[in-house]
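S.K.: Would you mind keeping the following structure in view while I ask a few things?
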2 protein chains.
Amino acid sequence: MRIGELAEQTGMTRDAIRFYERIGLIRPERGPEGRHGYRRYDASTIRRLGLIRQAKALGFSLGEIQELLDAWANHSFSPEQKRAILADKIGVVDRKILELQELSSELKLALAGIRDECQQTG
Amino acid sequence: MRIGELAEQTGMTRDAIRFYERIGLIRPERGPEGRHGYRRYDASTIRRLGLIRQAKALGFSLGEIQELLDAWANHSFSPEQKRAILADKIGVVDRKILELQELSSELKLALAGIRDECQQTG
DNA sequence: GTAAACATTGGTGTATAGTCCAGGGTCAAG
DNA sequence: CTTGACCCTGGACTATACACCAATGTTTAC
């Protein structure tokens with residue numbers, strides 16, 4: 001798959017995908033079939049970009065995501081380092097879940113309050 | 001309370017607090033006691049800034065937070081508009097919770113995988 | 001009344017996360 | 001062998017979310 005199709009599959013722009021490559025989040029092959037040098041992606045990259053998108057929306061920076069993906073895959077870290085990084089991120093994620101649950105409760109209370117306001121006349 | 005104490009109480013910088021004011025997230029009084037014009041904050045601002053910090057960490061932009069706070073308080077929106085905005089944000093938050101739970105599960109699986117790797121010799 | 005410790009505005013600078021070209025190369029079809 | 005659709009690099013530009021001044025004013029304590 002070349003960059004255009006990947007962009008279509010993921011809903012990201014070509015520029016964003018190239019940007020993610022520049023900062024090391026993805027590592028495509030280069031033009032295995034001709035002499036062109038085009039980037040070639042396999043299907044796993046779609047999933048990887050999906051995860052990046054999700055993590056971003058959940059408040060993780062690309063730097064944090066990179067750390068996470070490095071720990072997830074098998075490059076450059078010892079198992080112990082990977083374990084530590086993953087455990088750390090799990091803690092962050094679980095704390096975010098709690099915070100979001102509190103936030104959701106508060107918002108629902110606020111919504112109920114507005115309903116009451118609307119019921120003033122009956 | 002003046003800006004310095006508020007900064008201390010919230011852990012934010014004076015600059016960040018002034019920035020939040022510039023974009024409309026907070027609206028301090030101005031110098032009610034002398035002729036100075038200093039910003040004066042009451043205790044509720046601490047909570048408000050805490051909420052801003054939390055929402056930011058959870059992936060909301062300051063723009064979204066502003067919308068939310070406007071709907072939360074009683075300014076400038078009809079009850080119906082506020083209800084709609086709140087309901088929308090609740091949906092966003094609840095979806096984020098689900099995504100984070102999935103992410104947490106995946107991370108825990110990955111962590112378990114690493115544990116297995118470490119157990120290769122015994 | 002003056003010095004320290006606070007505050008003000010206004011402007012510039014920074015990091016992050018991209019977007020948007022320009023100028024060019026590549027590929028498949030006709 | 002040209003046309004259109006795709007790709008490349010490099011650089012400039014943008015929005016968000018602040019940080020960091022400088023020059024100046026105010027408050028508090030002595």
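Scheme for the structure tokens: letters A, B, ... for chains in order shown; per-chain residue numbers from 1; ligand numbers from 1 in order shown.
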If we count only C-alpha atoms (C1' of nucleotides), which residues of chain C reach to within 12 Å of chain A? Please list them as an NGL selection string.
M.R.: :C and (15-21 or 25-27)
S.K.: Which chain A residues are at most 10 Å from chain B (counting only C-alpha atoms), as a PyMOL selection string?
M.R.: chain A and resi 51+54-61+68+71-74+79-80+82-87+89-101+103-108+110-115+117-118
S.K.: With only C-alpha atoms (C1' of nucleotides) considered, list every residue of chain D at most 10 Å from chain B, as a ChimeraX atom specification.
M.R.: /D:16-20,25-27
S.K.: Give me, as a PyMOL selection string, the residues of chain B that a backbone DSSP run labels strand (DSSP E or B).
M.R.: chain B and resi 29-30+39-40
S.K.: DSSP on the backbone: what in chain A comes out helix (DSSP H, G or I), as a PyMOL selection string?
M.R.: chain A and resi 3-10+14-22+44-57+62-72+79-121
S.K.: Could you tell me how far CA of Glu102 (chain A) lies from CA of Gly4 (chain B), in Å and to one decimal?
M.R.: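 Computing it gives 28.8 Å between the two atoms.
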S.K.: Taking 3 positions as the minimum chain separation for residues in the same chain, which residues sit within 12 Å of DA29 (chain D) when counting only C-alpha atoms (C1' of nucleotides)? Answer as a ChimeraX atom specification.
M.R.: /C:1-5
S.K.: Keeping N, CA and C atoms (P, O5', C5', C4', C3', O3' and C1' of nucleotides) for every residue in the selection just given, could you write it to a file as a CSV table (one decimal), in the first residue's frame?
M.R.:
```
chain,number,residue,atom,x,y,z
C,1,DG,P,8.7,61.4,52.4
C,1,DG,O5',10.1,61.3,51.8
C,1,DG,C5',11.3,60.8,52.1
C,1,DG,C4',11.5,59.4,51.7
C,1,DG,C3',11.1,59.0,50.3
C,1,DG,O3',12.0,58.0,49.8
C,1,DG,C1',10.0,57.6,51.7
C,2,DT,P,13.5,58.5,49.3
C,2,DT,O5',14.2,57.0,49.3
C,2,DT,C5',14.5,56.3,50.5
C,2,DT,C4',14.2,54.9,50.3
C,2,DT,C3',14.1,54.3,48.9
C,2,DT,O3',14.6,52.9,48.9
C,2,DT,C1',12.2,53.7,50.0
C,3,DA,P,16.1,52.6,48.3
C,3,DA,O5',16.2,51.1,48.6
C,3,DA,C5',16.1,50.5,49.9
C,3,DA,C4',15.2,49.3,50.0
C,3,DA,C3',15.3,48.4,48.7
C,3,DA,O3',15.5,47.1,49.2
C,3,DA,C1',13.0,48.9,49.2
C,4,DA,P,15.9,45.9,48.2
C,4,DA,O5',14.7,44.8,48.5
C,4,DA,C5',14.3,44.7,49.9
C,4,DA,C4',13.0,43.9,49.9
C,4,DA,C3',12.9,42.7,48.9
C,4,DA,O3',12.3,41.6,49.6
C,4,DA,C1',11.1,44.3,48.6
C,5,DA,P,12.2,40.2,48.9
C,5,DA,O5',10.6,40.2,48.5
C,5,DA,C5',9.7,40.5,49.5
C,5,DA,C4',8.3,40.7,48.8
C,5,DA,C3',8.1,39.6,47.7
C,5,DA,O3',6.8,39.1,47.8
C,5,DA,C1',7.7,41.8,46.9
```
S.K.: Any idea what's packed within 9 Å of Leu69 (chain A), counting only C-alpha atoms (C1' of nucleotides), ignoring anything in its chain fewer than 5 positions away? Could you give it as a ChimeraX atom specification?
M.R.: /A:25,48,64
S.K.: What does the file look like for those residues with N, CA and C atoms, as an mmCIF file, in the first residue's frame?
M.R.:
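Result file is part.cif:
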```cif
data_model
loop_
_atom_site.group_PDB
_atom_site.id
_atom_site.type_symbol
_atom_site.label_atom_id
_atom_site.label_comp_id
_atom_site.auth_asym_id
_atom_site.auth_seq_id
_atom_site.Cartn_x
_atom_site.Cartn_y
_atom_site.Cartn_z
ATOM 1 N N LEU A 25 7.417 7.513 14.546
ATOM 2 C CA LEU A 25 6.285 6.700 14.984
ATOM 3 C C LEU A 25 6.009 5.528 14.051
ATOM 4 N N ARG A 48 -1.756 0.587 13.622
ATOM 5 C CA ARG A 48 -0.835 1.420 14.397
ATOM 6 C C ARG A 48 -1.293 2.870 14.383
ATOM 7 N N GLU A 64 4.805 10.636 24.144
ATOM 8 C CA GLU A 64 4.393 9.545 25.025
ATOM 9 C C GLU A 64 4.000 8.317 24.222
#
```
